[in-house]
file my_file-v7.cif (mmCIF, C-alpha atoms and all ligand atoms)
data_final
loop_
_atom_site.label_atom_id
_atom_site.label_comp_id
_atom_site.auth_asym_id
_atom_site.auth_seq_id
_atom_site.Cartn_x
_atom_site.Cartn_y
_atom_site.Cartn_z
CA MET T 75 118.62 130.27 47.51
CA LYS T 76 117.50 130.18 43.91
CA ASN T 77 113.97 131.21 42.99
CA SER T 78 114.11 129.68 39.52
CA PHE T 79 112.37 126.64 38.09
CA GLY T 80 112.54 124.90 34.74
CA ASN T 81 115.20 123.74 32.31
CA ALA T 82 114.50 124.86 28.74
CA LEU T 83 111.89 127.41 29.82
CA CYS T 84 112.94 128.84 33.15
CA VAL T 85 110.82 131.05 35.40
CA THR T 86 112.44 133.20 38.07
CA LEU T 87 110.06 134.64 40.63
CA PHE T 88 110.67 137.78 42.67
CA GLY T 89 108.98 140.27 44.96
CA GLU T 90 107.39 140.66 48.35
CA SER T 91 103.75 141.19 49.23
CA HIS T 92 104.21 144.78 50.38
CA GLY T 93 107.28 145.71 48.33
CA ASP T 94 107.00 147.81 45.16
CA ALA T 95 106.02 144.93 42.93
CA VAL T 96 105.94 141.20 42.39
CA GLY T 97 107.10 139.74 39.10
CA CYS T 98 108.95 137.09 37.17
CA VAL T 99 111.42 136.55 34.37
CA LEU T 100 110.70 133.92 31.72
CA ASP T 101 113.92 132.83 30.06
CA GLY T 102 113.98 130.44 27.09
CA ILE T 103 110.56 131.50 25.83
CA ALA T 104 109.80 131.03 22.14
CA PRO T 105 109.70 134.04 19.84
CA GLY T 106 106.31 134.68 18.24
CA ILE T 107 103.96 133.94 21.16
CA LYS T 108 101.01 136.31 20.98
CA VAL T 109 100.57 138.35 24.14
CA ASP T 110 96.83 137.95 24.52
CA VAL T 111 96.12 140.81 26.92
CA ASP T 112 92.45 139.85 27.32
CA LEU T 113 93.27 136.23 28.23
CA ILE T 114 95.94 137.35 30.70
CA GLN T 115 93.56 139.84 32.30
CA THR T 116 90.80 137.21 32.52
CA GLU T 117 93.10 134.84 34.42
CA MET T 118 94.35 137.69 36.63
CA GLU T 119 90.75 138.58 37.42
CA LYS T 120 90.03 134.97 38.50
CA ARG T 121 92.96 135.09 40.98
CA ARG T 122 92.32 138.63 42.23
CA GLY T 123 91.14 139.26 45.78
CA GLY T 124 88.41 141.64 46.89
CA LYS T 125 85.58 139.29 45.85
CA GLU T 126 83.25 137.07 47.83
CA TYR T 127 85.13 134.12 49.43
CA THR T 128 88.51 135.86 48.98
CA THR T 129 90.67 138.33 50.87
CA PRO T 130 89.30 141.88 50.99
CA ARG T 131 92.71 143.07 49.71
CA LYS T 132 91.89 144.37 46.27
CA GLU T 133 94.67 145.08 43.77
CA GLU T 134 94.36 146.28 40.19
CA ASP T 135 96.72 143.47 39.10
CA VAL T 136 97.76 144.82 35.72
CA PRO T 137 100.94 143.10 34.48
CA VAL T 138 103.54 145.40 32.93
CA PHE T 139 106.00 143.83 30.48
CA LEU T 140 109.42 145.39 31.01
CA SER T 141 111.21 143.33 28.38
CA GLY T 142 110.93 140.57 25.81
CA VAL T 143 107.67 141.73 24.18
CA LYS T 144 107.32 143.90 21.08
CA ASP T 145 104.30 144.67 18.90
CA GLY T 146 102.16 142.21 20.85
CA TYR T 147 104.45 139.17 20.48
CA THR T 148 107.30 137.68 22.50
CA GLU T 149 110.70 138.38 20.99
CA GLY T 150 112.39 135.21 22.28
CA THR T 151 114.51 137.24 24.70
CA PRO T 152 113.80 137.05 28.45
CA VAL T 153 110.33 138.34 29.31
CA CYS T 154 110.31 140.35 32.53
CA LEU T 155 106.89 141.22 33.86
CA ILE T 156 105.92 143.02 37.03
CA ILE T 157 102.67 143.70 38.87
CA ARG T 158 102.71 146.69 41.16
CA ASN T 159 101.56 146.37 44.77
CA THR T 160 99.24 149.26 45.38
CA ASN T 161 97.09 148.23 48.31
CA ALA T 162 99.34 147.26 51.23
CA HIS T 163 98.38 147.73 54.90
CA SER T 164 101.74 146.99 56.47
CA ALA T 165 100.87 147.91 60.06
CA ASP T 166 98.78 144.73 60.28
CA TYR T 167 101.98 142.64 60.29
CA SER T 168 104.40 144.35 62.70
CA LYS T 169 103.64 142.04 65.63
CA PHE T 170 104.43 138.75 63.85
CA ARG T 171 108.20 139.08 64.34
CA ASP T 172 107.73 138.69 68.09
CA MET T 173 104.64 136.50 67.86
CA PRO T 174 104.98 134.35 64.71
CA ARG T 175 101.73 133.10 63.26
CA PRO T 176 101.23 129.33 63.60
CA GLY T 177 101.09 127.79 60.12
CA HIS T 178 102.67 130.77 58.37
CA ALA T 179 106.30 131.30 57.41
CA ASP T 180 107.08 134.13 59.89
CA MET T 181 109.20 131.85 62.10
CA THR T 182 110.85 129.66 59.44
CA ALA T 183 111.68 132.68 57.24
CA GLY T 184 113.60 134.03 60.23
CA TYR T 185 115.52 130.77 60.61
CA LYS T 186 116.62 131.06 56.98
CA TYR T 187 117.02 134.80 56.35
CA ARG T 188 118.25 135.66 59.85
CA GLY T 189 115.97 138.63 60.53
CA TYR T 190 116.52 140.39 57.19
CA GLU T 191 113.27 139.01 55.77
CA ASP T 192 110.35 141.32 55.01
CA LEU T 193 107.40 139.95 56.99
CA ARG T 194 104.90 142.53 55.75
CA GLY T 195 101.97 140.75 54.18
CA GLY T 196 103.86 137.45 54.38
CA GLY T 197 106.76 138.98 52.39
CA HIS T 198 108.23 136.62 49.81
CA PHE T 199 106.00 133.80 51.12
CA SER T 200 102.78 135.55 50.27
CA GLY T 201 100.20 134.15 47.87
CA ARG T 202 100.54 137.59 46.26
CA LEU T 203 103.54 136.32 44.28
CA THR T 204 101.24 133.90 42.50
CA ALA T 205 99.88 136.93 40.60
CA ALA T 206 103.13 136.94 38.62
CA LEU T 207 102.88 133.20 37.99
CA VAL T 208 99.30 133.60 36.79
CA ALA T 209 100.29 136.36 34.34
CA ALA T 210 103.21 134.32 32.98
CA GLY T 211 101.12 131.15 32.91
CA ALA T 212 98.30 132.85 31.02
CA LEU T 213 100.75 133.98 28.36
CA ILE T 214 101.86 130.36 27.96
CA GLU T 215 98.30 128.98 28.22
CA GLY T 216 97.38 131.03 25.14
CA ALA T 217 100.27 129.51 23.18
CA LEU T 218 99.40 125.99 24.37
CA ALA T 219 95.75 126.45 23.38
CA GLY T 220 96.99 127.31 19.88
CA LYS T 221 98.58 123.84 19.82
CA GLY T 222 95.38 122.14 21.04
CA ILE T 223 96.55 121.77 24.65
CA ARG T 224 94.01 122.98 27.22
CA ILE T 225 94.49 123.24 30.96
CA VAL T 226 91.54 123.56 33.30
CA SER T 227 90.91 123.11 37.02
CA HIS T 228 87.93 122.96 39.33
CA ILE T 229 87.38 122.94 43.07
CA GLU T 230 87.09 119.24 43.86
CA SER T 231 86.31 119.68 47.55
CA ILE T 232 86.07 122.23 50.34
CA GLY T 233 85.95 120.80 53.85
CA ASP T 234 83.96 117.60 53.46
CA VAL T 235 81.83 118.79 50.52
CA LYS T 236 82.86 117.16 47.26
CA ASP T 237 82.30 118.10 43.63
CA ARG T 238 82.14 115.42 40.91
CA ARG T 239 85.58 114.42 39.71
CA PHE T 240 86.56 114.81 36.08
CA ASP T 241 85.58 111.92 33.87
CA ALA T 242 89.18 110.75 33.52
CA ASP T 243 88.78 109.68 29.89
CA HIS T 244 86.64 112.54 28.60
CA PRO T 245 86.79 115.42 31.11
CA GLU T 246 84.01 118.01 30.84
CA ILE T 247 86.29 120.95 30.23
CA ASP T 248 83.82 123.31 28.57
CA ALA T 249 81.43 123.05 31.54
CA LEU T 250 83.91 125.13 33.55
CA ASN T 251 84.37 127.92 31.05
CA GLY T 252 84.24 131.41 32.55
CA LYS T 253 83.08 130.26 36.00
CA ASP T 254 84.11 132.40 38.94
CA PHE T 255 83.68 129.50 41.39
CA PRO T 256 84.52 126.57 39.10
CA VAL T 257 82.71 123.35 40.03
CA LEU T 258 81.13 120.64 37.89
CA ASP T 259 78.15 120.20 40.22
CA GLU T 260 76.51 123.54 41.05
CA GLU T 261 74.70 122.13 44.08
CA ALA T 262 78.02 121.01 45.59
CA GLY T 263 79.37 124.48 44.79
CA GLU T 264 76.63 126.14 46.85
CA LYS T 265 77.37 123.82 49.79
CA MET T 266 81.08 124.62 49.50
CA LYS T 267 80.33 128.34 49.64
CA GLU T 268 78.33 127.68 52.80
CA VAL T 269 81.34 125.91 54.39
CA ILE T 270 83.56 128.90 53.58
CA ARG T 271 80.94 131.40 54.82
CA LYS T 272 80.59 129.50 58.11
CA ALA T 273 84.37 129.24 58.61
CA ALA T 274 84.72 132.98 58.01
CA GLU T 275 81.88 133.74 60.44
CA GLU T 276 83.69 131.68 63.07
CA LYS T 277 86.88 133.71 62.34
CA ASP T 278 88.35 130.50 61.00
CA SER T 279 89.33 129.15 57.57
CA ALA T 280 88.69 126.14 55.30
CA GLY T 281 90.89 123.83 53.22
CA GLY T 282 90.22 122.27 49.85
CA VAL T 283 91.31 120.18 46.89
CA ILE T 284 91.74 121.35 43.30
CA GLU T 285 91.54 118.95 40.38
CA THR T 286 93.47 119.87 37.24
CA CYS T 287 93.28 118.42 33.75
CA VAL T 288 95.73 118.90 30.89
CA ALA T 289 93.94 117.80 27.73
CA GLY T 290 95.48 117.39 24.30
CA LEU T 291 99.04 116.87 25.53
CA PRO T 292 100.98 114.85 22.93
CA GLU T 293 102.30 111.48 24.06
CA GLY T 294 106.00 111.18 24.92
CA ILE T 295 106.34 114.27 27.17
CA GLY T 296 108.48 113.93 30.33
CA GLU T 297 112.22 113.52 31.05
CA PRO T 298 112.97 110.43 33.20
CA TRP T 299 114.26 110.06 35.82
CA PHE T 300 114.26 113.32 37.62
CA ASP T 301 112.28 115.63 35.35
CA THR T 302 109.38 113.32 34.60
CA LEU T 303 105.97 114.81 33.98
CA GLU T 304 104.95 113.78 37.50
CA SER T 305 108.09 115.03 39.22
CA MET T 306 108.00 118.40 37.42
CA LEU T 307 104.29 118.97 38.05
CA GLY T 308 104.75 117.81 41.65
CA HIS T 309 107.76 120.07 42.21
CA MET T 310 105.96 123.09 40.83
CA ALA T 311 102.63 122.40 42.59
CA LEU T 312 104.27 121.89 45.96
CA SER T 313 106.11 125.19 45.51
CA VAL T 314 102.78 127.03 45.57
CA PRO T 315 102.22 128.36 49.11
CA ALA T 316 99.76 126.28 51.15
CA CYS T 317 99.82 123.32 48.73
CA LYS T 318 100.51 120.25 50.85
CA GLY T 319 100.04 117.32 48.53
CA ILE T 320 99.45 116.06 45.01
CA GLU T 321 98.09 112.83 43.56
CA PHE T 322 97.95 111.71 39.94
CA GLY T 323 95.07 109.73 38.49
CA ASP T 324 93.57 107.54 41.20
CA GLY T 325 96.50 108.55 43.41
CA PHE T 326 96.27 107.29 46.98
CA GLY T 327 93.18 105.32 45.98
CA LEU T 328 95.49 102.98 44.00
CA ALA T 329 96.62 101.47 47.30
CA GLY T 330 93.23 99.79 47.64
CA MET T 331 93.11 98.44 44.09
CA LYS T 332 94.38 95.25 42.47
CA GLY T 333 96.68 95.38 39.45
CA SER T 334 93.84 94.05 37.34
CA GLU T 335 91.73 97.07 38.38
CA ALA T 336 94.45 99.72 38.24
CA ASN T 337 96.02 98.86 34.86
CA ASP T 338 94.87 100.93 31.88
CA PRO T 339 94.64 98.60 28.85
CA TRP T 340 95.98 99.96 25.56
CA ILE T 341 93.32 100.20 22.84
CA PRO T 342 92.99 101.62 19.33
CA GLU T 343 90.69 104.67 19.07
CA ASP T 344 90.11 106.73 15.91
CA GLY T 345 93.45 105.69 14.43
CA LYS T 346 95.32 106.52 17.63
CA ILE T 347 96.53 104.47 20.57
CA ARG T 348 94.59 105.23 23.75
CA THR T 349 93.87 103.49 27.05
CA ALA T 350 90.48 102.06 27.98
CA SER T 351 90.62 103.67 31.45
CA ASN T 352 92.79 106.37 32.97
CA HIS T 353 93.68 105.30 36.52
CA CYS T 354 97.26 106.47 36.05
CA GLY T 355 96.19 110.04 35.17
CA GLY T 356 97.69 110.06 31.68
CA ILE T 357 101.26 109.40 32.83
CA VAL T 358 103.18 106.11 32.68
CA GLY T 359 106.91 105.90 33.37
CA GLY T 360 106.85 109.65 33.98
CA ILE T 361 105.88 110.16 30.30
CA SER T 362 102.54 111.33 28.90
CA ASP T 363 100.54 108.51 27.28
CA GLY T 364 98.23 110.74 25.21
CA MET T 365 95.29 110.54 27.63
CA PRO T 366 94.16 113.57 29.67
CA VAL T 367 96.67 114.28 32.43
CA ILE T 368 94.70 114.51 35.67
CA PHE T 369 95.93 115.38 39.14
CA ARG T 370 94.66 116.79 42.42
CA THR T 371 96.36 119.19 44.82
CA VAL T 372 95.39 119.83 48.41
CA PHE T 373 95.45 123.32 49.93
CA LYS T 374 95.52 123.67 53.68
CA PRO T 375 93.14 126.01 55.50
CA THR T 376 94.49 129.57 55.62
CA ALA T 377 96.92 129.98 58.49
CA SER T 378 96.01 133.60 59.29
CA ILE T 379 92.78 133.38 61.27
CA ALA T 380 91.17 135.92 63.54
CA LYS T 381 90.10 133.17 65.97
CA PRO T 382 92.29 133.41 69.09
CA GLN T 383 95.11 130.84 69.05
CA GLU T 384 98.23 130.31 71.09
CA THR T 385 101.71 131.10 69.88
CA LEU T 386 105.12 131.85 71.34
CA ASN T 387 105.96 135.40 72.31
CA ARG T 388 109.67 135.40 71.53
CA LYS T 389 110.27 138.46 73.72
CA THR T 390 108.72 137.00 76.89
CA GLY T 391 109.55 133.37 76.05
CA LYS T 392 105.97 132.42 76.99
CA THR T 393 103.00 131.26 74.95
CA GLU T 394 100.33 133.92 74.54
CA VAL T 395 97.06 134.34 72.69
CA LEU T 396 97.28 135.74 69.16
CA GLU T 397 94.40 137.11 67.12
CA VAL T 398 95.49 137.67 63.54
CA THR T 399 94.12 140.87 62.11
CA GLY T 400 94.60 142.01 58.53
CA ARG T 401 92.99 140.85 55.30
CA HIS T 402 93.08 137.16 54.55
CA ASP T 403 91.49 134.54 52.33
CA PRO T 404 88.99 132.36 54.21
CA CYS T 405 89.82 129.54 51.75
CA ILE T 406 93.00 129.53 49.69
CA ALA T 407 91.84 126.70 47.40
CA VAL T 408 89.33 129.03 45.71
CA ARG T 409 92.01 131.49 44.65
CA ALA T 410 94.53 128.79 43.83
CA VAL T 411 92.50 127.48 40.87
CA PRO T 412 94.01 129.84 38.24
CA VAL T 413 97.38 129.40 39.95
CA MET T 414 97.29 125.66 39.33
CA ASN T 415 96.40 126.26 35.68
CA ALA T 416 99.28 128.71 35.34
CA VAL T 417 101.98 126.61 37.00
CA SER T 418 100.88 123.54 35.04
CA ALA T 419 101.22 125.55 31.81
CA LEU T 420 104.76 126.57 32.77
CA VAL T 421 105.76 122.95 33.44
CA ILE T 422 104.15 121.63 30.26
CA ALA T 423 105.78 124.36 28.15
CA ASP T 424 109.18 123.60 29.68
CA LEU T 425 108.89 119.90 28.85
CA LEU T 426 107.51 120.59 25.35
CA THR T 427 110.37 122.99 24.71
CA GLN T 428 112.85 120.32 25.76
CA ARG T 429 111.29 117.83 23.35
CA TYR T 430 110.45 119.98 20.34
CA GLY T 431 112.84 122.92 20.73
CA ASN T 432 112.45 126.56 21.56
CA LEU T 433 110.58 127.63 18.37
CA TRP T 434 107.71 125.14 18.66
CA LEU T 435 105.36 127.23 20.82
CA GLY T 436 105.62 130.43 18.78
CA GLU T 437 104.16 131.49 15.45
CA THR T 438 106.35 131.82 12.34
CA LYS T 439 106.54 135.23 10.61
C1 LIG T 501 96.53 132.42 46.15
C2 LIG T 501 97.01 132.29 47.56
C3 LIG T 501 96.51 133.15 48.53
C4 LIG T 501 96.92 133.03 49.87
N1 LIG T 501 96.37 133.88 50.81
C5 LIG T 501 96.74 133.74 52.10
C6 LIG T 501 96.14 134.56 53.12
O1 LIG T 501 95.31 135.43 52.83
N2 LIG T 501 96.54 134.38 54.42
C7 LIG T 501 97.46 133.41 54.77
O2 LIG T 501 97.75 133.27 55.94
N3 LIG T 501 98.00 132.61 53.84
C8 LIG T 501 97.69 132.75 52.52
N4 LIG T 501 98.27 131.93 51.58
C9 LIG T 501 99.17 130.84 52.02
C10 LIG T 501 100.50 131.28 52.61
O3 LIG T 501 101.23 132.05 51.68
C11 LIG T 501 101.27 130.04 53.07
O4 LIG T 501 100.46 129.24 53.87
C12 LIG T 501 102.51 130.40 53.86
O5 LIG T 501 103.46 131.02 53.01
C13 LIG T 501 103.20 129.19 54.49
O6 LIG T 501 103.59 128.26 53.52
P1 LIG T 501 103.04 126.75 53.50
O7 LIG T 501 101.60 126.81 53.85
O8 LIG T 501 103.30 126.28 52.09
O9 LIG T 501 103.85 125.99 54.50
C14 LIG T 501 97.87 132.05 50.24
C15 LIG T 501 98.39 131.19 49.24
C16 LIG T 501 97.96 131.29 47.94
C17 LIG T 501 98.49 130.35 46.89
#

call {"tool": "encode", "arguments": {"input": "my_file-v7.cif", "output": "structure tokens"}}
result
Amino acid sequence: MKNSFGNALCVTLFGESHGDAVGCVLDGIAPGIKVDVDLIQTEMEKRRGGKEYTTPRKEEDVPVFLSGVKDGYTEGTPVCLIIRNTNAHSADYSKFRDMPRPGHADMTAGYKYRGYEDLRGGGHFSGRLTAALVAAGALIEGALAGKGIRIVSHIESIGDVKDRRFDADHPEIDALNGKDFPVLDEEAGEKMKEVIRKAAEEKDSAGGVIETCVAGLPEGIGEPWFDTLESMLGHMALSVPACKGIEFGDGFGLAGMKGSEANDPWIPEDGKIRTASNHCGGIVGGISDGMPVIFRTVFKPTASIAKPQETLNRKTGKTEVLEVTGRHDPCIAVRAVPVMNAVSALVIADLLTQRYGNLWLGETK
């Protein structure tokens, strides 16, 4: 029943949507990482609800560091951070114990926690916990940026509307800077917003795909067999609520290619070894090859929809119509963009720490 992930840098996640707070502990973190409050707040703001295309639940989302930080830098001891829950409407959730929402964890949480689980706001299964991951990830993203490693994501598709994909060799990272609704093609972005608007009007929800790029990652990162770059990123991504799949590089598209098309030839470039293409998404043998690491994650349409749907009434033993009230995201993929950046940063930092040691990410006094 562990809620911890990572080997050299381990994150332990805790909290419930309508409990006092959500938070995490980062153990194994380097001393001397600057706590860039502005960067952390910027990432928190991107994830926060209460904006167009997101849940109306609006939280202040200010992370409080309870330990491991002094004078604006990490100490190297465990960092514990919490984010208070201040805007919970718990009455909205009381009926889901008897009538579990299809697609949400109300039923399966009961199988596991035997009725002791807190179902308010989705409890421990809520996307709310990703606020803690975003705060921790932003702290790490700052340190990674200092080492020339940048992580960025965009909305690759919503419904059947598609954005351009990253140029796999030279991704246009700067084009996404500071965007609230990050897409490479603004016209596609407007169409995506329309899909979300329409789904919300119909009391329904929309799914989407996020594409993430890790640029500047040194070659040689990944721990075969079981903690390869792919397996670690995959493990972490699929732990994010509503994420149902991940593909690296050309991913499932590789099935339709020949070896001669899919192979990435090694070439010299500016005194370094690179590959002429990047169909494998910057990872070969589970180890980074020095090219941009590119992967896509799919987020299902939000389970909690106001549109009437059938579910089991566990009291009567019959199926009945359920209309989910409460405040929900019409499209989770939009809010999951900073989450994917954050969890990727945590994975990358863990693997870098394993390779270069615990001091590498911090500054020296
Ligand atoms: C950022 C974020 C926000 C979410 N918001 C909602 C929401 O408003 N309503 C909802 O039903 N699910 C939401 N989810 C997804 C549920 O937490 C998730 O679907 C549920 O726990 C079941 O898990 P599964 O979809 O991974 O099987 C959100 C997930 C994330 C990452």

call {"tool": "residues_near_ligand", "arguments": {"input": "my_file-v7.cif", "ligand": "ligand LIG 501 (chain T)", "cutoff": "7 Å", "atoms": "all atoms listed in the file", "output": "PyMOL selection string"}}
result
chain T and resi 121+129+177-179+196+199-202+204+314-318+374+376-378+401-403+406+409-410+413

call {"tool": "residues_around", "arguments": {"input": "my_file-v7.cif", "residues": "stretch 288-299 of chain T", "least_positions_apart": "6", "cutoff": "6 Å", "atoms": "only C-alpha atoms", "output": "PDB file with C-alpha atoms, keeping the file's coordinate frame"}}
result
ATOM      1  CA  GLY T 222      95.380 122.140  21.040  1.00  0.00           C
ATOM      2  CA  ILE T 223      96.550 121.770  24.650  1.00  0.00           C
ATOM      3  CA  ARG T 224      94.010 122.980  27.220  1.00  0.00           C
ATOM      4  CA  ILE T 225      94.490 123.240  30.960  1.00  0.00           C
ATOM      5  CA  GLY T 360     106.850 109.650  33.980  1.00  0.00           C
ATOM      6  CA  ILE T 361     105.880 110.160  30.300  1.00  0.00           C
ATOM      7  CA  SER T 362     102.540 111.330  28.900  1.00  0.00           C
ATOM      8  CA  ASP T 363     100.540 108.510  27.280  1.00  0.00           C
ATOM      9  CA  GLY T 364      98.230 110.740  25.210  1.00  0.00           C
ATOM     10  CA  PRO T 366      94.160 113.570  29.670  1.00  0.00           C
ATOM     11  CA  VAL T 367      96.670 114.280  32.430  1.00  0.00           C
TER      12      VAL T 367
END

call {"tool": "atom_distance", "arguments": {"input": "my_file-v7.cif", "atom1": "atom CA of T:Pro245", "atom2": "atom CA of T:Val109"}}
result
27.6 Å

call {"tool": "closest_residue", "arguments": {"input": "my_file-v7.cif", "among": "T:Ala217, T:Cys354, T:Ile114, T:Ala206", "to": "T:Gly436", "atoms": "all atoms listed in the file"}}
result
T:Ala217

call {"tool": "closest_residue", "arguments": {"input": "my_file-v7.cif", "among": "T:Ser334, T:Asn251, T:Thr399, T:Ser231", "to": "T:Ile284", "atoms": "all atoms listed in the file"}}
result
T:Ser231

call {"tool": "residues_around", "arguments": {"input": "my_file-v7.cif", "residues": "T:Ser351", "least_positions_apart": "4", "cutoff": "9 Å", "atoms": "only C-alpha atoms", "output": "list in words"}}
result
Ala242, Asp243, Ala336, Asn337, Asp338, Pro339 and Trp340 of chain T

call {"tool": "atom_distance", "arguments": {"input": "my_file-v7.cif", "atom1": "atom CA of T:Gly211", "atom2": "atom CA of T:Glu260"}}
result
27.0 Å

call {"tool": "atom_distance", "arguments": {"input": "my_file-v7.cif", "atom1": "atom CA of T:Leu420", "atom2": "atom CA of T:Thr86"}}
result
11.4 Å

call {"tool": "residues_around", "arguments": {"input": "my_file-v7.cif", "residues": "T:Ile157", "least_positions_apart": "5", "cutoff": "8 Å", "atoms": "all atoms listed in the file", "output": "ChimeraX atom specification"}}
result
/T:95-97,135-138,205-206

call {"tool": "residues_around", "arguments": {"input": "my_file-v7.cif", "residues": "T:Glu134", "least_positions_apart": "4", "cutoff": "12 Å", "atoms": "only C-alpha atoms", "output": "list in words"}}
result
Gln115, Met118, Glu119, Arg121, Arg122, Gly123, Gly124, Val138, Ile157, Arg158, Asn159, Thr160, Asn161 and Ala205 of chain T

call {"tool": "residues_near_point", "arguments": {"input": "my_file-v7.cif", "point": "(96.2, 115.5, 40.5)", "cutoff": "8 Å", "atoms": "only C-alpha atoms", "output": "PyMOL selection string"}}
result
chain T and resi 284-287+320-323+325+355+368-371

call {"tool": "closest_residue", "arguments": {"input": "my_file-v7.cif", "among": "T:Arg239, T:Arg388, T:His244, T:Lys267", "to": "T:Asp180", "atoms": "all atoms listed in the file"}}
result
T:Arg388

call {"tool": "residues_near_point", "arguments": {"input": "my_file-v7.cif", "point": "(105.7, 137.1, 71.3)", "cutoff": "7 Å", "atoms": "only C-alpha atoms", "output": "ChimeraX atom specification"}}
result
/T:172-173,386-390

call {"tool": "residues_around", "arguments": {"input": "my_file-v7.cif", "residues": "stretch 150-155 of chain T", "least_positions_apart": "3", "cutoff": "8 Å", "atoms": "only C-alpha atoms", "output": "PyMOL selection string"}}
result
chain T and resi 97-106+137-143+206+210

call {"tool": "closest_residue", "arguments": {"input": "my_file-v7.cif", "among": "T:Tyr190, T:Thr148, T:Asn81, T:Glu437", "to": "T:Phe300", "atoms": "only C-alpha atoms"}}
result
T:Asn81

call {"tool": "closest_residue", "arguments": {"input": "my_file-v7.cif", "among": "T:Met331, T:Ala273, T:Ile247, T:Leu303", "to": "T:Ile232", "atoms": "all atoms listed in the file"}}
result
T:Ala273

call {"tool": "closest_residue", "arguments": {"input": "my_file-v7.cif", "among": "T:His228, T:Met365, T:Gly197, T:Leu250", "to": "T:Glu343", "atoms": "all atoms listed in the file"}}
result
T:Met365

call {"tool": "decode", "arguments": {"input": "my_file-v7.cif", "residues": "stretch 112-124 of chain T", "atoms": "N, CA and C atoms", "output": "PDB file, in the first residue's frame"}}
result
ATOM      1  N   ASP T 112       8.816  31.826  -7.470  1.00  0.00           N
ATOM      2  CA  ASP T 112       8.065  32.330  -8.632  1.00  0.00           C
ATOM      3  C   ASP T 112       7.794  31.212  -9.636  1.00  0.00           C
ATOM      4  N   LEU T 113       8.837  30.394  -9.903  1.00  0.00           N
ATOM      5  CA  LEU T 113       8.674  29.284 -10.850  1.00  0.00           C
ATOM      6  C   LEU T 113       7.629  28.291 -10.317  1.00  0.00           C
ATOM      7  N   ILE T 114       7.729  27.976  -9.033  1.00  0.00           N
ATOM      8  CA  ILE T 114       6.782  27.021  -8.443  1.00  0.00           C
ATOM      9  C   ILE T 114       5.358  27.574  -8.564  1.00  0.00           C
ATOM     10  N   GLN T 115       5.200  28.865  -8.245  1.00  0.00           N
ATOM     11  CA  GLN T 115       3.865  29.455  -8.300  1.00  0.00           C
ATOM     12  C   GLN T 115       3.338  29.505  -9.737  1.00  0.00           C
ATOM     13  N   THR T 116       4.225  29.743 -10.697  1.00  0.00           N
ATOM     14  CA  THR T 116       3.803  29.769 -12.104  1.00  0.00           C
ATOM     15  C   THR T 116       3.259  28.401 -12.516  1.00  0.00           C
ATOM     16  N   GLU T 117       3.964  27.339 -12.136  1.00  0.00           N
ATOM     17  CA  GLU T 117       3.499  25.990 -12.490  1.00  0.00           C
ATOM     18  C   GLU T 117       2.198  25.663 -11.759  1.00  0.00           C
ATOM     19  N   MET T 118       2.111  26.078 -10.491  1.00  0.00           N
ATOM     20  CA  MET T 118       0.877  25.837  -9.715  1.00  0.00           C
ATOM     21  C   MET T 118      -0.301  26.539 -10.383  1.00  0.00           C
ATOM     22  N   GLU T 119      -0.044  27.736 -10.864  1.00  0.00           N
ATOM     23  CA  GLU T 119      -1.094  28.537 -11.513  1.00  0.00           C
ATOM     24  C   GLU T 119      -1.590  27.840 -12.770  1.00  0.00           C
ATOM     25  N   LYS T 120      -0.657  27.201 -13.518  1.00  0.00           N
ATOM     26  CA  LYS T 120      -1.054  26.495 -14.753  1.00  0.00           C
ATOM     27  C   LYS T 120      -1.980  25.330 -14.424  1.00  0.00           C
ATOM     28  N   ARG T 121      -1.769  24.663 -13.273  1.00  0.00           N
ATOM     29  CA  ARG T 121      -2.557  23.478 -12.923  1.00  0.00           C
ATOM     30  C   ARG T 121      -3.887  23.840 -12.246  1.00  0.00           C
ATOM     31  N   ARG T 122      -3.925  25.051 -11.674  1.00  0.00           N
ATOM     32  CA  ARG T 122      -5.035  25.448 -10.815  1.00  0.00           C
ATOM     33  C   ARG T 122      -6.380  25.439 -11.556  1.00  0.00           C
ATOM     34  N   GLY T 123      -7.432  25.096 -10.837  1.00  0.00           N
ATOM     35  CA  GLY T 123      -8.769  25.143 -11.418  1.00  0.00           C
ATOM     36  C   GLY T 123      -9.331  26.556 -11.367  1.00  0.00           C
ATOM     37  N   GLY T 124     -10.623  26.670 -11.644  1.00  0.00           N
ATOM     38  CA  GLY T 124     -11.299  27.960 -11.547  1.00  0.00           C
ATOM     39  C   GLY T 124     -11.101  28.829 -12.775  1.00  0.00           C
TER      40      GLY T 124
END
